[in-house]
Each structure stands twice: as C-alpha cells, then as structure tokens.
Amino acid sequence: QDVIDPFSAEEQAAILESCRDPQHLNLIRFAFWSGLRTSELAALEWGDIDFLRGTIRVSRAKTQAADEAEGTKTRRGTRDVKILAPAMQALQAQKAVTFLRGGAVFLNPRTDEAWEGDQPIRNSAWKPAITKAGVRYRHPYQTRHTYASMMLTAGESPIWLANQMGHSDTAMIFRNYGRW
C-alpha cells in the first residue's frame, strides 16, 4: 500500500516554480488540484471536460503497459469531478497549447504527442521538477494524496471527497486520511 505523504503548500509551490516547461507546469498544477490518478491524467481528453458545468468526466486511464487507454481502475472510478479554481487555471493555460488539436489535454512536449502513460510523466516531467525544487522525492501519485488531505483540511465532506476520488464509500477516506 502507498504511504500517504502529501506535499506541503511550500513544497507544491517549489515544485511548480521548478517546472522547466509550461506544459509540465499545467499538468502538475492540475494534478495537485484535481485528485486524478497519474494514469487518468495521461488519458484525459478535451471532450471529457464540461467547462459550463465545471466538471471532468473521468472514464479512462492510460498506463504504458497498455497500447491504448482502458477503463478506470475501479467501477466507481468512472466519475464526474468538480474542477476547482487552480485546476481550471491549469486547464485554461493548457487550452492555448492543445485545445484546437482536440484529443489529449496534456501532451509530452518532447514528442508533441499524448503521454504514453504514467511512467513517462514520472520520468520526463515529475522527476526533473521535484529534483530541481529540492523537495524530498515522492511518487506523482502523492499529488492525489495531497489533494485529498487539502480538501479534508479545508472542511470538505468525506462523502464528497470519496465521490471526487472514485471510491465506493468513505471507508478508504477515513482509513487513509483520518488525521486530516
């Protein structure tokens, strides 16, 4: 099981400031404020975003083990996620780069193609940013844990958070994030 080790606000700021590419910045900021799994970020397409309702339809995940995007990790993983203001800012900045192309929201700037999965994101965007920031290394999945801890600390309902994260009930929320 993944140890819950969220990033502090200061660590988040340092990581974002160290992003060497604007697309990396948008991707990582969005990750901190959406709670999506890294594999879900890789599969996110513009058609999944409802700007009028302010929601994202999460229905696919993309790992490098698969040739194409697959369903989400769990049945409840298919969900509508509310877009919070910092996540919306990241999407608006990314819109200028990839929106007119359609398809994937986040592209690998090295290839100008959709990310092939969570590993390339980790190796090309995440590791360089966290290293340059001088922040103790944690996997990019910790952005999801950071989101959960921030939402609970801000007073959001565990029921709401469970729905946002694609959990079937609040048991995992209480078990993993109870101290927040």
# chains A, B, ... in the order shown; residues from 1 in each chain; ligands from 1

call {"tool": "residues_around", "arguments": {"residues": "A:Ala114", "least_positions_apart": "4", "cutoff": "9 Å", "atoms": "only C-alpha atoms", "output": "PyMOL selection string"}}
result
chain A and resi 42-43+103-108

call {"tool": "write_last_selection", "arguments": {"atoms": "N, CA and C atoms", "output": "CSV table (one decimal), in the first residue's frame"}}
result
chain,number,residue,atom,x,y,z
A,42,ALA,N,-3.0,11.0,-18.0
A,42,ALA,CA,-2.5,10.6,-19.3
A,42,ALA,C,-3.6,10.4,-20.3
A,43,ALA,N,-4.7,9.9,-19.8
A,43,ALA,CA,-5.8,9.6,-20.7
A,43,ALA,C,-6.9,10.7,-20.9
A,103,GLY,N,-8.5,15.9,-28.8
A,103,GLY,CA,-7.8,14.7,-28.2
A,103,GLY,C,-7.2,15.0,-26.9
A,104,ALA,N,-6.0,14.6,-26.6
A,104,ALA,CA,-5.4,14.7,-25.3
A,104,ALA,C,-5.3,16.1,-24.8
A,105,VAL,N,-5.5,16.3,-23.5
A,105,VAL,CA,-5.3,17.6,-22.9
A,105,VAL,C,-3.9,17.9,-22.7
A,106,PHE,N,-3.2,16.9,-22.1
A,106,PHE,CA,-1.8,17.0,-21.8
A,106,PHE,C,-0.9,16.2,-22.8
A,107,LEU,N,0.1,16.9,-23.4
A,107,LEU,CA,1.0,16.3,-24.3
A,107,LEU,C,2.4,16.3,-23.8
A,108,ASN,N,3.1,15.3,-24.2
A,108,ASN,CA,4.6,15.3,-23.8
A,108,ASN,C,5.3,16.3,-24.7

call {"tool": "select_by_dssp", "arguments": {"residues": "stretch 10-176 of chain A", "states": "strand (DSSP E)", "output": "PyMOL selection string"}}
result
chain A and resi 49-50+55-58+79-82+107-108+113-114

call {"tool": "residues_around", "arguments": {"residues": "A:Pro120", "least_positions_apart": "4", "cutoff": "12 Å", "atoms": "only C-alpha atoms", "output": "MDAnalysis selection string"}}
result
chainID A and resid 24 38:39 41:42 62:65 107:111 113:116 124:128 140

call {"tool": "write_last_selection", "arguments": {"atoms": "N, CA, C and O atoms", "output": "compact mmCIF listing (two decimals), in the first residue's frame"}}
result
# COMPACT_ATOMS: atom_id res chain seq x y z
N HIS A 24 4.45 21.04 -18.50
CA HIS A 24 4.70 20.32 -17.25
C HIS A 24 4.04 21.06 -16.09
O HIS A 24 3.42 20.44 -15.22
N THR A 38 -2.37 9.48 -11.90
CA THR A 38 -1.45 9.84 -12.98
C THR A 38 -1.89 9.19 -14.30
O THR A 38 -1.86 9.81 -15.36
N SER A 39 -2.36 7.95 -14.22
CA SER A 39 -2.82 7.26 -15.43
C SER A 39 -4.08 7.91 -16.00
O SER A 39 -4.31 7.88 -17.21
N LEU A 41 -4.68 11.20 -15.76
CA LEU A 41 -4.18 12.43 -16.39
C LEU A 41 -3.70 12.14 -17.80
O LEU A 41 -3.95 12.92 -18.72
N ALA A 42 -3.00 11.01 -17.96
CA ALA A 42 -2.46 10.65 -19.28
C ALA A 42 -3.57 10.39 -20.29
O ALA A 42 -3.38 10.61 -21.49
N LYS A 62 -4.59 5.47 -18.63
CA LYS A 62 -3.61 5.04 -19.64
C LYS A 62 -2.28 4.76 -18.94
O LYS A 62 -1.65 5.66 -18.41
N THR A 63 -1.91 3.49 -18.96
CA THR A 63 -0.60 3.11 -18.44
C THR A 63 0.24 2.65 -19.61
O THR A 63 -0.28 2.28 -20.67
N GLN A 64 1.54 2.66 -19.42
CA GLN A 64 2.43 2.25 -20.51
C GLN A 64 2.31 0.76 -20.79
O GLN A 64 2.75 0.29 -21.82
N ALA A 65 1.67 0.01 -19.88
CA ALA A 65 1.51 -1.43 -20.09
C ALA A 65 0.45 -1.74 -21.17
O ALA A 65 0.43 -2.82 -21.72
N LEU A 107 0.06 16.94 -23.40
CA LEU A 107 0.98 16.30 -24.34
C LEU A 107 2.39 16.29 -23.76
O LEU A 107 2.75 17.18 -22.99
N ASN A 108 3.15 15.31 -24.18
CA ASN A 108 4.56 15.27 -23.84
C ASN A 108 5.26 16.28 -24.74
O ASN A 108 5.26 16.11 -25.96
N PRO A 109 5.83 17.35 -24.17
CA PRO A 109 6.45 18.37 -25.02
C PRO A 109 7.61 17.86 -25.87
O PRO A 109 7.91 18.42 -26.91
N ARG A 110 8.24 16.77 -25.43
CA ARG A 110 9.36 16.21 -26.20
C ARG A 110 8.89 15.58 -27.51
O ARG A 110 9.59 15.63 -28.51
N THR A 111 7.72 14.96 -27.48
CA THR A 111 7.22 14.24 -28.65
C THR A 111 6.06 14.95 -29.33
O THR A 111 5.70 14.61 -30.45
N GLU A 113 3.11 14.52 -28.62
CA GLU A 113 2.07 13.50 -28.67
C GLU A 113 1.50 13.30 -27.27
O GLU A 113 2.11 13.71 -26.29
N ALA A 114 0.36 12.62 -27.20
CA ALA A 114 -0.22 12.30 -25.89
C ALA A 114 0.78 11.49 -25.07
O ALA A 114 1.56 10.71 -25.63
N TRP A 115 0.76 11.69 -23.76
CA TRP A 115 1.61 10.88 -22.88
C TRP A 115 1.26 9.41 -23.07
O TRP A 115 0.09 9.06 -23.18
N GLU A 116 2.26 8.56 -23.07
CA GLU A 116 2.04 7.13 -23.28
C GLU A 116 1.62 6.42 -22.00
O GLU A 116 1.31 5.23 -22.04
N SER A 124 9.77 12.20 -17.29
CA SER A 124 10.06 13.40 -18.07
C SER A 124 9.61 14.70 -17.42
O SER A 124 10.24 15.74 -17.63
N ALA A 125 8.53 14.67 -16.67
CA ALA A 125 8.00 15.90 -16.07
C ALA A 125 8.22 15.94 -14.56
O ALA A 125 8.73 16.92 -14.01
N TRP A 126 7.85 14.87 -13.87
CA TRP A 126 7.82 14.86 -12.42
C TRP A 126 9.22 14.85 -11.78
O TRP A 126 9.54 15.72 -10.96
N LYS A 127 10.03 13.87 -12.14
CA LYS A 127 11.36 13.75 -11.50
C LYS A 127 12.21 15.00 -11.70
O LYS A 127 12.81 15.49 -10.74
N PRO A 128 12.29 15.55 -12.92
CA PRO A 128 13.10 16.77 -13.08
C PRO A 128 12.57 17.94 -12.23
O PRO A 128 13.36 18.67 -11.65
N PRO A 140 4.52 10.64 -8.11
CA PRO A 140 3.50 11.60 -8.53
C PRO A 140 2.11 11.26 -7.98
O PRO A 140 1.25 12.14 -7.88

call {"tool": "residues_around", "arguments": {"residues": "A:Arg136", "least_positions_apart": "2", "cutoff": "12 Å", "atoms": "only C-alpha atoms", "output": "CSV table (one decimal) with C-alpha atoms, in the first residue's frame"}}
result
chain,number,residue,atom,x,y,z
A,5,ASP,CA,2.8,11.5,2.4
A,6,PRO,CA,1.3,14.7,0.9
A,7,PHE,CA,3.2,17.7,-0.2
A,8,SER,CA,3.0,20.9,1.9
A,11,GLU,CA,6.7,22.1,-1.4
A,12,GLN,CA,3.9,22.4,-4.0
A,14,ALA,CA,8.6,24.9,-5.1
A,15,ILE,CA,7.7,22.1,-7.5
A,127,LYS,CA,11.4,13.7,-11.5
A,129,ALA,CA,10.7,19.2,-11.4
A,130,ILE,CA,10.9,17.7,-7.9
A,131,THR,CA,14.7,17.3,-8.2
A,132,LYS,CA,15.2,20.9,-9.3
A,133,ALA,CA,12.8,22.1,-6.5
A,134,GLY,CA,15.0,20.3,-3.9
A,138,ARG,CA,7.7,11.1,-3.6
A,139,HIS,CA,5.8,9.4,-6.4
A,142,GLN,CA,1.2,11.7,-3.9

call {"tool": "select_by_dssp", "arguments": {"residues": "stretch 12-165 of chain A", "states": "helix (DSSP H, G or I)", "output": "PyMOL selection string"}}
result
chain A and resi 12-17+22-34+38-43+46-48+75-77+85-101+118-133+142-153+158-165

call {"tool": "atom_distance", "arguments": {"atom1": "atom CA of A:Val3", "atom2": "atom CA of A:Leu152"}}
result
17.4 Å

call {"tool": "atom_distance", "arguments": {"atom1": "atom CA of A:Leu27", "atom2": "atom CA of A:Ile173"}}
result
24.5 Å

call {"tool": "decode", "arguments": {"residues": "stretch 136-171 of chain A", "atoms": "N, CA, C and O atoms", "output": "PDB file, in the first residue's frame"}}
result
ATOM      1  N   ARG A 136      12.005  16.563  -1.171  1.00  0.00           N
ATOM      2  CA  ARG A 136      12.181  15.126  -0.953  1.00  0.00           C
ATOM      3  C   ARG A 136      11.302  14.359  -1.938  1.00  0.00           C
ATOM      4  O   ARG A 136      10.121  14.645  -2.083  1.00  0.00           O
ATOM      5  N   TYR A 137      11.886  13.361  -2.606  1.00  0.00           N
ATOM      6  CA  TYR A 137      11.158  12.642  -3.645  1.00  0.00           C
ATOM      7  C   TYR A 137       9.999  11.829  -3.080  1.00  0.00           C
ATOM      8  O   TYR A 137      10.131  11.129  -2.083  1.00  0.00           O
ATOM      9  N   ARG A 138       8.853  11.965  -3.727  1.00  0.00           N
ATOM     10  CA  ARG A 138       7.696  11.098  -3.558  1.00  0.00           C
ATOM     11  C   ARG A 138       7.126  10.880  -4.954  1.00  0.00           C
ATOM     12  O   ARG A 138       7.280  11.711  -5.834  1.00  0.00           O
ATOM     13  N   HIS A 139       6.445   9.745  -5.145  1.00  0.00           N
ATOM     14  CA  HIS A 139       5.845   9.438  -6.436  1.00  0.00           C
ATOM     15  C   HIS A 139       4.773  10.466  -6.800  1.00  0.00           C
ATOM     16  O   HIS A 139       4.157  11.060  -5.920  1.00  0.00           O
ATOM     17  N   PRO A 140       4.517  10.645  -8.106  1.00  0.00           N
ATOM     18  CA  PRO A 140       3.496  11.601  -8.527  1.00  0.00           C
ATOM     19  C   PRO A 140       2.107  11.263  -7.985  1.00  0.00           C
ATOM     20  O   PRO A 140       1.253  12.143  -7.880  1.00  0.00           O
ATOM     21  N   TYR A 141       1.887   9.998  -7.611  1.00  0.00           N
ATOM     22  CA  TYR A 141       0.590   9.622  -7.023  1.00  0.00           C
ATOM     23  C   TYR A 141       0.325  10.409  -5.744  1.00  0.00           C
ATOM     24  O   TYR A 141      -0.818  10.583  -5.338  1.00  0.00           O
ATOM     25  N   GLN A 142       1.388  10.916  -5.119  1.00  0.00           N
ATOM     26  CA  GLN A 142       1.215  11.716  -3.909  1.00  0.00           C
ATOM     27  C   GLN A 142       0.473  13.025  -4.191  1.00  0.00           C
ATOM     28  O   GLN A 142      -0.042  13.651  -3.269  1.00  0.00           O
ATOM     29  N   THR A 143       0.387  13.433  -5.458  1.00  0.00           N
ATOM     30  CA  THR A 143      -0.441  14.612  -5.761  1.00  0.00           C
ATOM     31  C   THR A 143      -1.899  14.302  -5.436  1.00  0.00           C
ATOM     32  O   THR A 143      -2.637  15.175  -4.990  1.00  0.00           O
ATOM     33  N   ARG A 144      -2.303  13.068  -5.653  1.00  0.00           N
ATOM     34  CA  ARG A 144      -3.670  12.631  -5.322  1.00  0.00           C
ATOM     35  C   ARG A 144      -3.879  12.663  -3.808  1.00  0.00           C
ATOM     36  O   ARG A 144      -4.905  13.128  -3.324  1.00  0.00           O
ATOM     37  N   HIS A 145      -2.896  12.175  -3.065  1.00  0.00           N
ATOM     38  CA  HIS A 145      -2.993  12.224  -1.604  1.00  0.00           C
ATOM     39  C   HIS A 145      -2.955  13.667  -1.098  1.00  0.00           C
ATOM     40  O   HIS A 145      -3.626  14.009  -0.123  1.00  0.00           O
ATOM     41  N   THR A 146      -2.186  14.504  -1.765  1.00  0.00           N
ATOM     42  CA  THR A 146      -2.119  15.923  -1.396  1.00  0.00           C
ATOM     43  C   THR A 146      -3.487  16.563  -1.584  1.00  0.00           C
ATOM     44  O   THR A 146      -3.973  17.292  -0.708  1.00  0.00           O
ATOM     45  N   TYR A 147      -4.118  16.281  -2.703  1.00  0.00           N
ATOM     46  CA  TYR A 147      -5.459  16.795  -2.976  1.00  0.00           C
ATOM     47  C   TYR A 147      -6.429  16.373  -1.870  1.00  0.00           C
ATOM     48  O   TYR A 147      -7.158  17.201  -1.319  1.00  0.00           O
ATOM     49  N   ALA A 148      -6.429  15.090  -1.542  1.00  0.00           N
ATOM     50  CA  ALA A 148      -7.353  14.583  -0.519  1.00  0.00           C
ATOM     51  C   ALA A 148      -7.111  15.264   0.824  1.00  0.00           C
ATOM     52  O   ALA A 148      -8.067  15.699   1.486  1.00  0.00           O
ATOM     53  N   SER A 149      -5.855  15.372   1.219  1.00  0.00           N
ATOM     54  CA  SER A 149      -5.566  15.992   2.519  1.00  0.00           C
ATOM     55  C   SER A 149      -5.933  17.476   2.513  1.00  0.00           C
ATOM     56  O   SER A 149      -6.464  17.988   3.511  1.00  0.00           O
ATOM     57  N   MET A 150      -5.709  18.163   1.389  1.00  0.00           N
ATOM     58  CA  MET A 150      -6.085  19.583   1.301  1.00  0.00           C
ATOM     59  C   MET A 150      -7.599  19.757   1.404  1.00  0.00           C
ATOM     60  O   MET A 150      -8.087  20.666   2.072  1.00  0.00           O
ATOM     61  N   MET A 151      -8.340  18.886   0.732  1.00  0.00           N
ATOM     62  CA  MET A 151      -9.800  19.012   0.748  1.00  0.00           C
ATOM     63  C   MET A 151     -10.359  18.759   2.147  1.00  0.00           C
ATOM     64  O   MET A 151     -11.237  19.492   2.610  1.00  0.00           O
ATOM     65  N   LEU A 152      -9.863  17.747   2.820  1.00  0.00           N
ATOM     66  CA  LEU A 152     -10.342  17.457   4.175  1.00  0.00           C
ATOM     67  C   LEU A 152      -9.948  18.572   5.149  1.00  0.00           C
ATOM     68  O   LEU A 152     -10.755  18.983   5.993  1.00  0.00           O
ATOM     69  N   THR A 153      -8.731  19.077   5.023  1.00  0.00           N
ATOM     70  CA  THR A 153      -8.271  20.171   5.877  1.00  0.00           C
ATOM     71  C   THR A 153      -9.130  21.419   5.659  1.00  0.00           C
ATOM     72  O   THR A 153      -9.391  22.171   6.595  1.00  0.00           O
ATOM     73  N   ALA A 154      -9.584  21.611   4.418  1.00  0.00           N
ATOM     74  CA  ALA A 154     -10.432  22.767   4.101  1.00  0.00           C
ATOM     75  C   ALA A 154     -11.877  22.563   4.558  1.00  0.00           C
ATOM     76  O   ALA A 154     -12.708  23.457   4.400  1.00  0.00           O
ATOM     77  N   GLY A 155     -12.188  21.373   5.094  1.00  0.00           N
ATOM     78  CA  GLY A 155     -13.529  21.134   5.618  1.00  0.00           C
ATOM     79  C   GLY A 155     -14.503  20.478   4.663  1.00  0.00           C
ATOM     80  O   GLY A 155     -15.698  20.410   4.943  1.00  0.00           O
ATOM     81  N   GLU A 156     -14.010  19.975   3.539  1.00  0.00           N
ATOM     82  CA  GLU A 156     -14.908  19.287   2.596  1.00  0.00           C
ATOM     83  C   GLU A 156     -15.408  17.983   3.219  1.00  0.00           C
ATOM     84  O   GLU A 156     -14.725  17.351   4.007  1.00  0.00           O
ATOM     85  N   SER A 157     -16.578  17.587   2.811  1.00  0.00           N
ATOM     86  CA  SER A 157     -17.202  16.369   3.303  1.00  0.00           C
ATOM     87  C   SER A 157     -16.453  15.128   2.813  1.00  0.00           C
ATOM     88  O   SER A 157     -16.112  15.039   1.629  1.00  0.00           O
ATOM     89  N   PRO A 158     -16.233  14.154   3.699  1.00  0.00           N
ATOM     90  CA  PRO A 158     -15.620  12.897   3.258  1.00  0.00           C
ATOM     91  C   PRO A 158     -16.451  12.187   2.185  1.00  0.00           C
ATOM     92  O   PRO A 158     -15.899  11.524   1.317  1.00  0.00           O
ATOM     93  N   ILE A 159     -17.756  12.356   2.212  1.00  0.00           N
ATOM     94  CA  ILE A 159     -18.630  11.760   1.188  1.00  0.00           C
ATOM     95  C   ILE A 159     -18.343  12.407  -0.168  1.00  0.00           C
ATOM     96  O   ILE A 159     -18.193  11.725  -1.183  1.00  0.00           O
ATOM     97  N   TRP A 160     -18.264  13.727  -0.176  1.00  0.00           N
ATOM     98  CA  TRP A 160     -17.953  14.450  -1.414  1.00  0.00           C
ATOM     99  C   TRP A 160     -16.590  14.018  -1.933  1.00  0.00           C
ATOM    100  O   TRP A 160     -16.420  13.744  -3.124  1.00  0.00           O
ATOM    101  N   LEU A 161     -15.598  13.945  -1.033  1.00  0.00           N
ATOM    102  CA  LEU A 161     -14.250  13.583  -1.437  1.00  0.00           C
ATOM    103  C   LEU A 161     -14.200  12.157  -1.997  1.00  0.00           C
ATOM    104  O   LEU A 161     -13.544  11.911  -3.015  1.00  0.00           O
ATOM    105  N   ALA A 162     -14.907  11.230  -1.358  1.00  0.00           N
ATOM    106  CA  ALA A 162     -14.948   9.854  -1.855  1.00  0.00           C
ATOM    107  C   ALA A 162     -15.485   9.828  -3.289  1.00  0.00           C
ATOM    108  O   ALA A 162     -14.952   9.118  -4.152  1.00  0.00           O
ATOM    109  N   ASN A 163     -16.525  10.609  -3.556  1.00  0.00           N
ATOM    110  CA  ASN A 163     -17.083  10.680  -4.910  1.00  0.00           C
ATOM    111  C   ASN A 163     -16.086  11.292  -5.884  1.00  0.00           C
ATOM    112  O   ASN A 163     -15.926  10.806  -7.016  1.00  0.00           O
ATOM    113  N   GLN A 164     -15.414  12.351  -5.479  1.00  0.00           N
ATOM    114  CA  GLN A 164     -14.429  13.007  -6.335  1.00  0.00           C
ATOM    115  C   GLN A 164     -13.305  12.046  -6.729  1.00  0.00           C
ATOM    116  O   GLN A 164     -12.823  12.071  -7.846  1.00  0.00           O
ATOM    117  N   MET A 165     -12.901  11.221  -5.770  1.00  0.00           N
ATOM    118  CA  MET A 165     -11.752  10.347  -5.987  1.00  0.00           C
ATOM    119  C   MET A 165     -12.126   8.993  -6.568  1.00  0.00           C
ATOM    120  O   MET A 165     -11.251   8.198  -6.905  1.00  0.00           O
ATOM    121  N   GLY A 166     -13.421   8.706  -6.672  1.00  0.00           N
ATOM    122  CA  GLY A 166     -13.856   7.452  -7.272  1.00  0.00           C
ATOM    123  C   GLY A 166     -13.898   6.288  -6.314  1.00  0.00           C
ATOM    124  O   GLY A 166     -13.819   5.135  -6.736  1.00  0.00           O
ATOM    125  N   HIS A 167     -14.025   6.562  -5.017  1.00  0.00           N
ATOM    126  CA  HIS A 167     -14.151   5.493  -4.025  1.00  0.00           C
ATOM    127  C   HIS A 167     -15.621   5.147  -3.837  1.00  0.00           C
ATOM    128  O   HIS A 167     -16.483   6.014  -3.906  1.00  0.00           O
ATOM    129  N   SER A 168     -15.907   3.878  -3.553  1.00  0.00           N
ATOM    130  CA  SER A 168     -17.295   3.433  -3.430  1.00  0.00           C
ATOM    131  C   SER A 168     -17.962   3.935  -2.146  1.00  0.00           C
ATOM    132  O   SER A 168     -19.175   4.028  -2.089  1.00  0.00           O
ATOM    133  N   ASP A 169     -17.163   4.224  -1.127  1.00  0.00           N
ATOM    134  CA  ASP A 169     -17.714   4.765   0.125  1.00  0.00           C
ATOM    135  C   ASP A 169     -16.612   5.532   0.841  1.00  0.00           C
ATOM    136  O   ASP A 169     -15.519   5.698   0.310  1.00  0.00           O
ATOM    137  N   THR A 170     -16.889   5.966   2.054  1.00  0.00           N
ATOM    138  CA  THR A 170     -15.924   6.793   2.786  1.00  0.00           C
ATOM    139  C   THR A 170     -14.902   5.975   3.570  1.00  0.00           C
ATOM    140  O   THR A 170     -14.002   6.551   4.174  1.00  0.00           O
ATOM    141  N   ALA A 171     -15.011   4.653   3.574  1.00  0.00           N
ATOM    142  CA  ALA A 171     -14.106   3.826   4.387  1.00  0.00           C
ATOM    143  C   ALA A 171     -12.641   4.117   4.079  1.00  0.00           C
ATOM    144  O   ALA A 171     -11.830   4.296   4.995  1.00  0.00           O
TER     145      ALA A 171
END
